[in-house]
Each structure stands twice: as C-alpha cells, then as structure tokens.
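Here is the structure we will look at.
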Amino acid sequence: MATTTTPEVKPKTAPVTLTPHAVAKVKEIMAQQNPLPAGLRVGVVGGGCSGFSYSMSFENSAGMMDKTFDMEGLKVFVDATSMMYLDGCIVDYVETLEGAGFKFENPNVKSTCGCGSSFNV
C-alpha cells in the first residue's frame, strides 16, 4: 500500500510589516488622494550615500513582478527585488519633537549613512 503525502502549503507572509499606527496613517493619507489609489508600494531603490534607500508610493495596481499583501485592509505591493532586502523589516509611523514620518527598522542593514536616509546590506 502506497501512501502519498501532500506538501504543506505555507501562506505567503509579507517580508515587511507595517505597524497598526503606520497602516492607519497610510490610510489617512490615501483617503485624501484623488483618485483613490489601490494600495501602497514599499520597496528598496539604489542610491544614497550607503547604496540603498527605502521608497514608499501610492499605486493604482500591482506590477507584473509584485507580490500583494493585505495589512489590515491595506494592499501593500512589494517587487521581487525588494523582497530580499525587506525581509523582517518593520515600518512604523513616529511623531517626535524633531518631526514625523515613517521609520524603517530592518534587521538586514549592516550600516547606514550619517543622515540616516540610506543603508547598506
């Protein structure tokens, strides 16, 4: 008697996590856009003093090489190249006396530049 096993299918997990505060802020900003975007693109682009910079932008649809993740009703698009650089990254929205903005905490980063806007892996 032969037994067959089916491979365990793991749900695709997002390489990047947006905190509830970050999701709420993105939804608030999106609601002010006309037309209303379909979702948020989070990625890594070449440039900056250390080699890479984070990018966030609104998109009307996912690209061909994108993975789409749902975060509390917010569609987040991540391109295939950025997936490996963002693995384990947490994005939060912070408000301090110096200003407010989105903060990336990435365990893959080896070093950052002096201004903190770019990084190296």
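Letters A, B, ... mark the chains of the structure tokens in the order given; residue numbers begin at 1 per chain; ligand numbers begin at 1, in order shown.
By only C-alpha atoms, and with residues fewer than 6 positions from region 54-68 of chain A along its chain excluded, the set lying at most 8 Å from it is Met30, Pro37, Ala38, Gly39, Leu40, Arg41, Val42, Gly43, Val44, Val45, Lys75, Val76, Phe77, Val78, Asp79, Ala80, Ser117 and Ser118 of chain A.
For region 9-118 of chain A, backbone-based DSSP assignment of helix (DSSP H, G or I) covers Pro20, His21, Ala22, Val23, Ala24, Lys25, Val26, Lys27, Glu28, Ile29, Met30, Ala31, Ala80, Thr81, Ser82, Met83, Met84, Tyr85 and Leu86 of chain A.
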One decimal place gives the CA of Val26 (chain A)-CA of Ala14 (chain A) separation as 17.0 Å
Selection near Phe104 (chain A), 10 Å with only C-alpha atoms, sequence-local residues under 3 positions removed, as a list in words: Val16, Thr17, Leu18, Tyr54, Leu86, Cys89, Ile90, Val91, Asp92, Tyr93, Gly101, Pro107 and Ser117 of chain A
Selected residues written out with C-alpha atoms, as a PDB file, in the first residue's frame:
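Result saved to part_12.pdb:
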```
ATOM      1  CA  VAL A  16       7.752  43.813   5.572  1.00  0.00           C
ATOM      2  CA  THR A  17       5.323  44.565   8.402  1.00  0.00           C
ATOM      3  CA  LEU A  18       3.524  47.857   8.875  1.00  0.00           C
ATOM      4  CA  TYR A  54      13.602  52.912   1.057  1.00  0.00           C
ATOM      5  CA  LEU A  86      12.951  43.994   3.275  1.00  0.00           C
ATOM      6  CA  CYS A  89      11.578  44.859   8.181  1.00  0.00           C
ATOM      7  CA  ILE A  90       9.083  46.745  10.366  1.00  0.00           C
ATOM      8  CA  VAL A  91       7.689  50.123   9.288  1.00  0.00           C
ATOM      9  CA  ASP A  92       6.214  52.414  11.922  1.00  0.00           C
ATOM     10  CA  TYR A  93       4.887  55.957  11.861  1.00  0.00           C
ATOM     11  CA  GLY A 101       7.477  60.264   9.400  1.00  0.00           C
ATOM     12  CA  PRO A 107      17.435  43.587  10.651  1.00  0.00           C
ATOM     13  CA  SER A 117      18.317  58.125   4.785  1.00  0.00           C
TER      14      SER A 117
END
```
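Distances here use only C-alpha atoms; by that measure, the residue among A:Pro15, A:Pro20, A:Gly88, A:Gly99 closest to Glu72 (chain A) is A:Pro20.
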